[in-house]
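Asks: Next comes the structure file protein29.txt, holding compact mmCIF, C-alpha atoms.
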```txt
# COMPACT_ATOMS: atom_id res chain seq x y z
CA MET A 171 0.00 0.00 0.00
CA LEU A 172 1.41 3.38 -0.98
CA GLU A 173 1.58 5.91 1.81
CA LEU A 174 2.17 9.64 1.37
CA THR A 175 0.68 11.10 4.55
CA ASP A 176 2.20 14.45 5.55
CA LYS A 177 4.24 14.63 2.34
CA ASN A 178 4.24 17.99 0.57
CA VAL A 179 4.05 17.48 -3.17
CA LEU A 180 4.09 20.03 -6.00
CA VAL A 181 2.28 19.09 -9.22
CA THR A 182 2.66 21.40 -12.22
CA GLY A 183 0.22 21.36 -15.10
CA ALA A 184 -2.49 20.16 -12.73
CA SER A 185 -5.41 21.78 -14.54
CA SER A 186 -6.16 18.72 -16.63
CA GLY A 187 -5.11 15.27 -17.80
CA ILE A 188 -2.19 13.50 -16.15
CA GLY A 189 -1.47 16.36 -13.72
CA LYS A 190 -5.07 16.60 -12.52
CA GLN A 191 -5.35 12.84 -12.05
CA THR A 192 -1.97 12.66 -10.28
CA ALA A 193 -2.93 15.38 -7.78
CA PHE A 194 -6.27 13.62 -7.18
CA GLN A 195 -4.58 10.29 -6.44
CA LEU A 196 -1.84 11.87 -4.32
CA SER A 197 -4.49 13.52 -2.16
CA HIS A 198 -6.15 10.12 -1.65
CA LEU A 199 -2.78 8.75 -0.50
CA GLY A 200 -2.59 11.45 2.17
CA ALA A 201 -0.25 13.97 0.51
CA ASN A 202 -0.56 17.73 0.88
CA CYS A 203 -0.93 18.83 -2.74
CA PHE A 204 0.40 22.12 -4.09
CA ILE A 205 -0.93 22.35 -7.60
CA CYS A 206 -0.32 24.89 -10.31
CA GLY A 207 -1.66 25.59 -13.78
CA ARG A 208 -2.41 28.42 -16.16
CA ASN A 209 -6.19 28.21 -16.36
CA ARG A 210 -7.81 29.48 -13.16
CA GLU A 211 -11.18 27.83 -13.75
CA ARG A 212 -9.79 24.40 -14.54
CA LEU A 213 -7.22 24.66 -11.75
CA THR A 214 -10.04 25.39 -9.30
CA SER A 215 -11.89 22.35 -10.60
CA SER A 216 -8.77 20.20 -9.98
CA PHE A 217 -8.36 21.74 -6.54
CA ASN A 218 -11.97 21.12 -5.55
CA GLN A 219 -11.74 17.42 -6.32
CA LEU A 220 -8.73 16.85 -4.03
CA LYS A 221 -9.51 14.67 -1.03
CA THR A 222 -8.96 16.37 2.31
CA VAL A 223 -8.92 14.64 5.66
CA GLU A 224 -8.10 16.24 9.01
CA GLY A 225 -4.61 17.69 9.02
CA GLN A 226 -4.27 17.58 5.25
CA VAL A 227 -3.59 20.92 3.54
CA HIS A 228 -3.68 21.72 -0.18
CA ASN A 229 -3.04 24.91 -2.08
CA ARG A 230 -3.27 26.11 -5.67
CA PHE A 231 -1.22 28.63 -7.63
CA GLU A 232 -2.16 30.15 -10.95
CA ALA A 233 1.15 30.31 -12.82
CA ASP A 234 2.52 30.32 -16.35
CA LEU A 235 5.82 28.49 -15.98
CA SER A 236 7.04 29.63 -19.39
CA GLY A 237 7.76 32.93 -17.61
CA VAL A 238 10.75 33.22 -15.28
CA GLU A 239 8.91 35.62 -12.95
CA ASP A 240 6.05 33.17 -12.39
CA ILE A 241 8.57 30.44 -11.52
CA LYS A 242 10.23 32.70 -8.93
CA LEU A 243 6.88 33.70 -7.40
CA LEU A 244 5.79 30.07 -7.23
CA ILE A 245 9.01 29.03 -5.46
CA ASP A 246 8.55 31.82 -2.90
CA LYS A 247 5.05 30.62 -2.02
CA LEU A 248 5.86 26.90 -1.72
CA PRO A 249 6.72 25.04 1.49
CA VAL A 250 9.64 22.61 1.71
CA LEU A 251 8.73 19.73 -0.58
CA ASP A 252 8.94 15.95 -0.34
CA GLY A 253 7.95 15.49 -3.94
CA VAL A 254 7.82 17.36 -7.25
CA VAL A 255 5.88 16.30 -10.34
CA CYS A 256 6.93 18.30 -13.39
CA ASN A 257 4.01 17.63 -15.65
CA ALA A 258 3.28 20.92 -17.44
CA GLY A 259 3.90 20.38 -21.14
CA LEU A 260 3.10 21.69 -24.59
CA VAL A 261 2.54 19.71 -27.80
CA LYS A 262 2.68 21.34 -31.22
CA THR A 263 3.01 19.32 -34.39
CA LYS A 264 4.65 20.99 -37.36
CA PRO A 265 6.56 19.60 -40.35
CA LEU A 266 10.27 20.52 -40.40
CA LYS A 267 9.98 23.02 -43.21
CA TYR A 268 7.56 25.21 -41.25
CA ILE A 269 9.38 25.32 -37.92
CA ASP A 270 10.21 28.84 -36.80
CA GLU A 271 11.98 30.33 -33.79
CA LYS A 272 8.72 31.05 -31.96
CA LEU A 273 7.65 27.41 -32.15
CA ILE A 274 10.99 26.26 -30.75
CA ASP A 275 10.85 28.84 -27.95
CA ASP A 276 7.22 28.05 -27.08
CA ILE A 277 7.88 24.32 -26.77
CA PHE A 278 11.30 24.40 -25.13
CA ASP A 279 10.28 27.16 -22.69
CA VAL A 280 7.55 24.97 -21.18
CA ASN A 281 8.84 21.43 -21.71
CA THR A 282 12.49 21.96 -20.83
CA LYS A 283 13.62 25.39 -19.65
CA ALA A 284 10.84 25.91 -17.09
CA ILE A 285 11.57 22.56 -15.45
CA ILE A 286 15.30 23.18 -15.22
CA LEU A 287 14.72 26.64 -13.72
CA LEU A 288 12.08 25.31 -11.32
CA ILE A 289 14.25 22.50 -9.95
CA SER A 290 17.32 24.71 -9.77
CA GLY A 291 15.34 27.47 -8.02
CA LEU A 292 13.76 25.07 -5.53
CA LEU A 293 17.18 23.66 -4.64
CA ARG A 294 18.67 27.14 -4.22
CA ALA A 295 15.76 28.08 -1.94
CA LYS A 296 16.31 24.82 0.01
CA LYS A 297 12.77 23.76 -0.69
CA ILE A 298 13.47 20.18 -1.73
CA LYS A 299 13.89 17.96 1.33
CA LYS A 300 16.61 15.34 1.69
CA GLY A 301 15.10 12.05 0.55
CA ALA A 302 12.59 13.76 -1.74
CA SER A 303 11.45 12.36 -5.07
CA ILE A 304 11.22 14.31 -8.32
CA CYS A 305 9.24 12.91 -11.24
CA MET A 306 9.34 14.34 -14.75
CA VAL A 307 6.57 13.66 -17.21
CA SER A 308 8.45 13.11 -20.46
CA SER A 309 7.15 11.28 -23.54
CA ILE A 310 7.48 8.03 -25.44
CA SER A 311 8.25 10.22 -28.45
CA THR A 312 11.82 10.34 -27.13
CA TYR A 313 12.09 6.62 -28.05
CA LYS A 314 9.57 6.17 -30.85
CA HIS A 315 9.47 9.10 -33.21
CA THR A 316 6.60 10.37 -35.32
CA PRO A 317 6.79 12.84 -38.22
CA ALA A 318 6.12 16.54 -37.64
CA ASN A 319 6.95 16.10 -33.96
CA SER A 320 10.67 16.84 -34.01
CA VAL A 321 10.75 19.92 -31.77
CA TYR A 322 8.51 18.31 -29.16
CA SER A 323 10.63 15.13 -29.19
CA ALA A 324 13.81 17.17 -28.91
CA SER A 325 12.46 19.13 -25.93
CA LYS A 326 11.46 15.94 -24.12
CA SER A 327 14.77 14.24 -24.98
CA ALA A 328 16.52 17.19 -23.36
CA LEU A 329 14.31 16.62 -20.33
CA ASN A 330 15.35 12.96 -20.24
CA ALA A 331 19.01 13.99 -20.20
CA PHE A 332 18.29 16.52 -17.46
CA THR A 333 16.54 13.78 -15.47
CA THR A 334 19.42 11.33 -15.50
CA SER A 335 22.07 13.98 -15.00
CA SER A 336 20.14 15.48 -12.06
CA ALA A 337 19.63 12.02 -10.57
CA LEU A 338 23.39 11.55 -10.47
CA GLU A 339 24.05 14.98 -9.00
CA LEU A 340 21.33 14.79 -6.35
CA ALA A 341 21.95 11.21 -5.23
CA LYS A 342 24.28 12.47 -2.48
CA LYS A 343 21.30 14.26 -0.93
CA LYS A 344 19.20 11.09 -1.37
CA ILE A 345 16.95 13.07 -3.70
CA ARG A 346 15.68 10.77 -6.44
CA VAL A 347 14.91 11.90 -9.97
CA ASN A 348 12.97 9.75 -12.43
CA ALA A 349 10.86 10.31 -15.52
CA VAL A 350 7.81 8.63 -16.92
CA LEU A 351 7.44 8.34 -20.70
CA PRO A 352 3.77 8.01 -21.58
CA GLY A 353 2.47 6.95 -24.96
CA PHE A 354 -0.67 8.56 -26.31
CA ILE A 355 -2.92 9.48 -23.42
CA GLN A 356 -6.48 10.52 -24.03
CA THR A 357 -6.27 14.04 -22.60
CA ASN A 358 -7.28 17.47 -23.83
CA LEU A 359 -3.70 18.02 -24.95
CA LEU A 360 -4.10 15.22 -27.43
CA GLU A 361 -7.66 15.99 -28.44
CA ASN A 362 -6.54 19.49 -29.45
CA ASP A 363 -3.76 18.09 -31.61
CA ASP A 364 -3.79 18.90 -35.32
CA VAL A 365 -3.49 15.27 -36.39
CA GLY A 366 -7.24 14.65 -36.23
CA SER A 367 -9.34 11.81 -34.91
CA GLU A 368 -9.18 9.65 -38.06
CA GLN A 369 -5.41 9.52 -37.87
CA LEU A 370 -5.61 8.58 -34.19
CA LYS A 371 -7.87 5.62 -34.96
CA LYS A 372 -5.21 4.30 -37.35
CA HIS A 373 -2.54 4.94 -34.76
CA LEU A 374 -4.39 2.75 -32.26
CA ASN A 375 -3.26 -0.30 -34.28
CA ASN A 376 0.27 0.39 -33.00
CA TYR A 377 -0.78 -0.28 -29.41
CA PRO A 378 -0.50 -4.02 -28.61
CA LEU A 379 -2.64 -3.69 -25.49
CA GLY A 380 -5.46 -2.41 -27.68
CA ARG A 381 -6.13 1.01 -26.25
CA PHE A 382 -4.58 4.43 -25.70
CA GLY A 383 -3.55 5.37 -22.19
CA LYS A 384 -5.68 6.94 -19.52
CA PRO A 385 -4.34 9.61 -17.14
CA GLU A 386 -4.56 7.14 -14.23
CA ASP A 387 -2.20 4.71 -16.05
CA VAL A 388 0.51 7.34 -15.67
CA ALA A 389 -0.62 8.75 -12.30
CA ASN A 390 -0.34 5.27 -10.73
CA VAL A 391 3.35 5.07 -11.65
CA ILE A 392 4.04 8.65 -10.56
CA CYS A 393 2.48 7.95 -7.15
CA PHE A 394 4.73 4.89 -6.82
CA LEU A 395 7.80 6.95 -7.76
CA LEU A 396 6.92 9.56 -5.14
CA SER A 397 6.48 6.97 -2.43
CA ASP A 398 9.13 5.24 -0.32
CA LYS A 399 8.31 1.98 -2.14
CA SER A 400 10.60 3.18 -4.94
CA GLU A 401 13.39 4.41 -2.67
CA TRP A 402 16.10 2.50 -4.57
CA MET A 403 15.06 3.88 -7.96
CA THR A 404 16.65 6.94 -9.49
CA GLY A 405 17.66 8.07 -12.97
CA ASN A 406 15.06 5.89 -14.64
CA LEU A 407 13.18 6.70 -17.84
CA ILE A 408 10.07 4.55 -17.48
CA LYS A 409 7.99 3.76 -20.55
CA ILE A 410 4.22 3.62 -19.98
CA ASP A 411 2.84 2.99 -23.42
CA GLY A 412 0.68 -0.12 -23.72
CA GLY A 413 3.49 -1.82 -25.60
CA PHE A 414 3.74 0.85 -28.32
CA SER A 415 7.54 0.96 -28.22
CA ILE A 416 7.97 -2.82 -28.54
CA HIS A 417 7.64 -2.60 -32.32
CA MET B 110 -2.77 33.73 -53.40
CA LYS B 111 -3.88 30.91 -55.70
CA ASP B 112 -0.55 30.81 -57.54
CA LYS B 113 1.35 30.62 -54.28
CA LEU B 114 -0.89 27.79 -53.09
CA ILE B 115 -0.40 25.86 -56.31
CA GLU B 116 3.39 26.16 -55.96
CA GLU B 117 3.26 24.99 -52.35
CA PHE B 118 0.99 22.05 -53.13
CA LYS B 119 3.38 21.03 -55.94
CA ASP B 120 6.21 21.02 -53.44
CA ILE B 121 4.26 19.18 -50.73
CA LEU B 122 2.98 16.55 -53.20
CA GLU B 123 6.47 16.15 -54.73
CA LEU B 124 5.20 17.07 -58.21
CA GLU B 125 8.33 17.84 -60.22
CA ASP B 126 7.31 17.79 -63.87
CA GLU B 127 3.58 18.23 -63.54
CA THR B 128 1.37 20.85 -61.99
CA ILE B 129 -1.82 20.62 -59.97
CA GLU B 130 -5.02 22.28 -61.18
CA ALA B 131 -6.89 24.49 -58.74
CA ASP B 132 -9.97 22.32 -59.07
CA SER B 133 -8.15 18.95 -58.79
CA ASN B 134 -8.76 16.90 -55.67
CA PHE B 135 -5.40 17.05 -53.91
CA ARG B 136 -6.42 14.12 -51.71
CA ASP B 137 -6.28 11.82 -54.75
CA TYR B 138 -2.51 12.26 -55.20
CA ASP B 139 -0.18 9.42 -54.19
CA ASP B 140 1.88 11.62 -51.87
CA TRP B 141 -1.12 12.99 -49.97
CA ASP B 142 -1.01 11.89 -46.31
CA SER B 143 -1.41 13.29 -42.81
CA ILE B 144 1.97 15.01 -42.98
CA ALA B 145 0.96 16.70 -46.23
CA ALA B 146 -2.20 17.91 -44.48
CA LEU B 147 -0.16 19.25 -41.57
CA SER B 148 2.19 20.91 -44.05
CA VAL B 149 -0.65 22.72 -45.82
CA MET B 150 -2.10 23.91 -42.51
CA ALA B 151 1.32 25.08 -41.33
CA TYR B 152 1.91 26.87 -44.65
CA LEU B 153 -1.45 28.67 -44.45
CA ASP B 154 -0.60 29.80 -40.95
CA SER B 155 2.94 31.00 -41.71
CA GLU B 156 2.32 32.53 -45.14
CA PHE B 157 -1.22 33.92 -44.81
CA ASN B 158 -1.69 34.01 -41.02
CA PHE B 159 -4.72 31.80 -41.64
CA SER B 160 -5.42 29.15 -38.99
CA ILE B 161 -7.65 26.23 -39.85
CA LYS B 162 -8.62 23.30 -37.64
CA ALA B 163 -7.93 19.75 -38.84
CA GLU B 164 -11.65 18.97 -38.73
CA ASP B 165 -12.46 21.97 -40.96
CA PHE B 166 -9.59 21.24 -43.33
CA LYS B 167 -10.98 17.74 -43.88
CA GLN B 168 -13.94 19.33 -45.70
CA ILE B 169 -11.59 20.95 -48.24
CA ASN B 170 -10.55 18.95 -51.30
CA THR B 171 -9.33 21.50 -53.85
CA ILE B 172 -7.25 24.66 -53.95
CA ASN B 173 -10.29 26.57 -55.23
CA GLN B 174 -12.30 25.51 -52.18
CA LEU B 175 -9.43 26.57 -49.97
CA VAL B 176 -9.16 29.99 -51.63
CA ALA B 177 -12.93 30.48 -51.29
CA LEU B 178 -12.79 29.64 -47.59
CA MET B 179 -9.86 31.98 -47.01
CA ASN B 180 -11.61 34.83 -48.87
CA LYS B 181 -14.77 34.22 -46.89
CA ASN B 182 -12.85 34.49 -43.62
CA ALA B 183 -10.66 37.40 -44.70
```
Could you render the structure as structure tokens?
Replies:
Amino acid sequence: MLELTDKNVLVTGASSGIGKQTAFQLSHLGANCFICGRNRERLTSSFNQLKTVEGQVHNRFEADLSGVEDIKLLIDKLPVLDGVVCNAGLVKTKPLKYIDEKLIDDIFDVNTKAIILLISGLLRAKKIKKGASICMVSSISTYKHTPANSVYSASKSALNAFTTSSALELAKKKIRVNAVLPGFIQTNLLENDDVGSEQLKKHLNNYPLGRFGKPEDVANVICFLLSDKSEWMTGNLIKIDGGFSIH
Amino acid sequence: MKDKLIEEFKDILELEDETIEADSNFRDYDDWDSIAALSVMAYLDSEFNFSIKAEDFKQINTINQLVALMNKNA
């Protein structure tokens, strides 16, 4: 049984999808959840569904982590953390020929730069406890590539490298750093994708377990990585993809 | 606008020695696929600042239809 009572955990990108589900499950395991997202209404909805028992405290912060100022403000408001889930992410599909600087900045700012600055800032502010666990939400696209997804894949591959490098550096403090690499998850992020639903139906044939992922498929593993049950795991890039990457 | 679109479609559909008529169904060409669709949408956005959703673009089959839609939304 996973146990996270009295643990302070930050979840970014908690307004929807994997982040929302992760915060929900963490609250059921007893954690104090500090959630952030860009959309106030959806963030409030995520916040309101968190389970609260006596002694359990949650908080929410409206923040756009693509901006350095918002990252600093967030760090100032947070307590000392036992866990961090870096989930906020941005998907934009564009064929190589049409990539411009803005697209690269938009994607890397959220998927890579914001996470590096957040973790660095939290460490500098001494807000990550010894023995804490950090979990990055990366992507299976760092292993199995799809066309028109090069910038997104590159940003998440950079995140993978940051994960393993950080794991090595922080091991002395017994801070663990791992990443989960989900395949296609049925979230709003995906539904808003330009690929279209017909293309997705074809893509389903690539999933040996016969379905796309659900947010809870990923949240379950994140909760495990944040718990003491995974205390000998660090620097792992864990594929959660229904067998997609076997091919 | 139409001439530019024809040139871009020729490039996207890898048409070297032939052209594409404005009333031809571009979906019938061998090189038409999801990446070609994404390419057209990205081109419209970067060249004409015209954003179109994948679901709406599915209703378009010819360059003439595309031009009409863009003029309508201009």
Asks: Find the spatial neighbours of segment 251-260 of chain A, counting all atoms listed in the file, within a cut-off of 7 Å - ignore same-chain residues fewer than 4 positions away - and output them as an MDAnalysis selection string.
Replies: chainID A and resid 177:183 189 277 280:281 285 297:299 302:307 396
Asks: Let me make sure I understand: among B:Ile161, B:Val176, B:Ala146, B:Ile169, which one has the smallest atom-to-atom distance to Gln369 of chain A if we use all atoms listed in the file?
Replies: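 Smallest separation from Gln369 of chain A among the options: B:Ala146.
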Asks: If I take atom CA of Asn319 of chain A and atom CA of Lys272 of chain A, how far is one from the other in Å, to one decimal?
Replies: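 Computing it gives 15.2 Å between the two atoms.
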Asks: Counting all atoms listed in the file, which residues of chain B come no farther than 10 Å from chain A, as a list in words?
Replies: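 Those within range of chain A come out as Asp142, Ser143, Ile144, Ala145, Ala146, Leu147, Ser148, Val149, Met150, Ala151, Tyr152, Asp154, Ser155, Glu156, Ile161, Lys162, Ala163, Glu164, Phe166 and Lys167 of chain B.
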Asks: Once you have the residues from the selection above, write them out as a PDB file, keeping the file's coordinate frame, restricted to C-alpha atoms.
Replies:
```pdb
ATOM      1  CA  ASP B 142      -1.010  11.890 -46.310  1.00  0.00           C
ATOM      2  CA  SER B 143      -1.410  13.290 -42.810  1.00  0.00           C
ATOM      3  CA  ILE B 144       1.970  15.010 -42.980  1.00  0.00           C
ATOM      4  CA  ALA B 145       0.960  16.700 -46.230  1.00  0.00           C
ATOM      5  CA  ALA B 146      -2.200  17.910 -44.480  1.00  0.00           C
ATOM      6  CA  LEU B 147      -0.160  19.250 -41.570  1.00  0.00           C
ATOM      7  CA  SER B 148       2.190  20.910 -44.050  1.00  0.00           C
ATOM      8  CA  VAL B 149      -0.650  22.720 -45.820  1.00  0.00           C
ATOM      9  CA  MET B 150      -2.100  23.910 -42.510  1.00  0.00           C
ATOM     10  CA  ALA B 151       1.320  25.080 -41.330  1.00  0.00           C
ATOM     11  CA  TYR B 152       1.910  26.870 -44.650  1.00  0.00           C
ATOM     12  CA  ASP B 154      -0.600  29.800 -40.950  1.00  0.00           C
ATOM     13  CA  SER B 155       2.940  31.000 -41.710  1.00  0.00           C
ATOM     14  CA  GLU B 156       2.320  32.530 -45.140  1.00  0.00           C
ATOM     15  CA  ILE B 161      -7.650  26.230 -39.850  1.00  0.00           C
ATOM     16  CA  LYS B 162      -8.620  23.300 -37.640  1.00  0.00           C
ATOM     17  CA  ALA B 163      -7.930  19.750 -38.840  1.00  0.00           C
ATOM     18  CA  GLU B 164     -11.650  18.970 -38.730  1.00  0.00           C
ATOM     19  CA  PHE B 166      -9.590  21.240 -43.330  1.00  0.00           C
ATOM     20  CA  LYS B 167     -10.980  17.740 -43.880  1.00  0.00           C
TER      21      LYS B 167
END
```
Asks: Pick the closest to Gly301 of chain A from A:Leu244, A:Ile410, A:Leu287, A:Val250: which is it, counting only C-alpha atoms?
Replies: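 Comparing A:Leu244, A:Ile410, A:Leu287, A:Val250 against Gly301 of chain A, the winner is A:Val250.
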Asks: May I have the residues at most 12 Å from (-11.3, 26.8, -52.3) in the file's coordinates, counting all atoms listed in the file, as a ChimeraX atom specification?
Replies: /B:110-111,114-115,130-135,166,168-182
Asks: Between atom CA of Asp139 of chain B and atom CA of Ile121 of chain B, measure the distance and give it in Å to one decimal.
Replies: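 Between atom CA of Asp139 of chain B and atom CA of Ile121 of chain B the gap is 11.3 Å.
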Asks: Do you have the atom CA of Ala184 of chain A-atom CA of Lys314 of chain A distance handy?
Replies: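 Between atom CA of Ala184 of chain A and atom CA of Lys314 of chain A the gap works out to 25.9 Å.
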Asks: Just need the box for segment 135-145 of chain B, edges along x, y and z, holding every atom the file lists for it with 8 Å tacked onto each side, so centre and edge lengths in Å to one decimal, as AutoDock Vina command-line options.
Replies:
```
--center_x -2.2 --center_y 13.2 --center_z -49.0 --size_x 24.4 --size_y 23.6 --size_z 28.4
```
Asks: Give me the residues near Arg346 of chain A as a PyMOL selection string, where near means some atom within 9 Å (using all atoms listed in the file) and where sequence neighbours in that chain fewer than 2 positions away do not count.
Replies: chain A and resi 301-305+336-338+340-341+343-344+348+395-396+401-405
Asks: Skip Arg230 of chain A itself and residues of its chain fewer than 2 positions away, then list as a list in words all residues within 8 Å of it, counting all atoms listed in the file.
Replies: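 Surrounding residues, per the criterion: Phe204, Ile205, Cys206, Leu213, Thr214, Phe217, His228 and Glu232 of chain A.
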